[in-house]
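Enquirer: Following this message is one structure expressed as structure tokens.
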Amino acid sequence: MSGKCQSCGMPLSKDENGGGTNLDGTLSEEFCSLCYKNGMFIHPDFTAADMQKHCIEQLKKRGMPGFMAWIFTRGIPKLDRWNTGTP
């Protein structure tokens, strides 16, 4: 386990649900609950750029300045979901 969601980059330790869920109901060790539920991505049609935009919007809604939100999301295209065809 990398310690961060391989879809959005959020630290899995910050996920209030402990992670997303696999199809069998077990916790995912790769994806957070904001990205992955019941073995499926919540936003299956997103590209890495779409995910970056979505995350920036969500972080800004929580009071983070736009520049900081961009900094936090710039590594998204390097995550496994966007590079290995993971589920």
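Every chain in the structure tokens has a letter given in the order shown (A, B, ...), and although residue numbers restart at 1 in each chain, ligands are simply numbered from 1 in the order shown.
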Can you list, as a list in words, every protein, DNA or RNA residue that comes within 10 Å of Phe72 of chain A when you count only C-alpha atoms, leaving out same-chain residues fewer than 3 positions away?
Expert: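 My reading of the contact set: Cys8, Gly9, Met10, Gln52, Cys55, Ile56, Leu59, Gly66, Phe67, Met68, Ala69, Gly75 and Ile76 of chain A.
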Enquirer: Would you write out those residues with C-alpha atoms, as a tab-separated table (two decimals), in the first residue's frame?
Expert:
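Full text of result_35.tsv as output:
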```
chain	number	residue	atom	x	y	z
A	8	CYS	CA	-6.86	11.25	-6.34
A	9	GLY	CA	-3.74	11.24	-4.15
A	10	MET	CA	-5.49	11.78	-0.83
A	52	GLN	CA	-7.36	17.19	-10.97
A	55	CYS	CA	-10.11	17.77	-6.59
A	56	ILE	CA	-9.10	21.42	-6.93
A	59	LEU	CA	-10.30	21.58	-1.91
A	66	GLY	CA	-6.50	27.70	-5.44
A	67	PHE	CA	-2.72	27.71	-5.82
A	68	MET	CA	-2.29	25.33	-2.89
A	69	ALA	CA	-5.04	23.08	-4.26
A	75	GLY	CA	0.85	14.51	-9.01
A	76	ILE	CA	-2.49	12.94	-9.96
```
Enquirer: For a quick check of understanding, using only C-alpha atoms, which of A:Ser7, A:Ile71, A:Ser33, A:Pro77 has the smallest distance to Gly19 of chain A?
Expert: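 Distance minimum relative to Gly19 of chain A lands on A:Ser33.
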Enquirer: Considering only strand (DSSP E) as DSSP defines it on the backbone, what residues of chain A qualify? List them as a VMD selection string.
Expert: chain A and resid 36 to 37 40 to 41
Enquirer: Export C-alpha atoms of the chosen residues as a PDB file, in the first residue's frame?
Expert:
```pdb
ATOM      1  CA  TYR A  36     -14.002   3.931  -5.085  1.00  0.00           C
ATOM      2  CA  LYS A  37     -17.105   2.115  -3.805  1.00  0.00           C
ATOM      3  CA  MET A  40     -16.164   0.607  -8.950  1.00  0.00           C
ATOM      4  CA  PHE A  41     -14.889   4.124  -9.429  1.00  0.00           C
TER       5      PHE A  41
END
```
Enquirer: State, in Å with one decimal place, the distance from atom CA of Glu29 of chain A to atom CA of Pro65 of chain A.
Expert: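 Separation between atom CA of Glu29 of chain A and atom CA of Pro65 of chain A: 29.4 Å.
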Enquirer: Name the closest residue to Asn38 of chain A among the candidates A:Met51, A:Trp82, A:Ser13, A:Gly20; distances are taken between atoms, counting only C-alpha atoms.
Expert: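 Between A:Met51, A:Trp82, A:Ser13, A:Gly20, the residue approaching Asn38 of chain A most closely is A:Gly20.
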Enquirer: Just how far from atom CA of Lys60 of chain A is atom CA of Thr21 of chain A, in Å to one decimal?
Expert: 26.2 Å
Enquirer: What does the distance between atom CA of Gly63 of chain A and atom CA of Leu27 of chain A come to in Å, to one decimal place?
Expert: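 Computed distance, atom CA of Gly63 of chain A to atom CA of Leu27 of chain A, equals 28.9 Å.
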Enquirer: If DSSP is run on the backbone, what residues of chain A are alpha helix (DSSP H)? A reply as number ranges by chain would be ideal.
Expert: A: 48-61, 66-73, 80-84
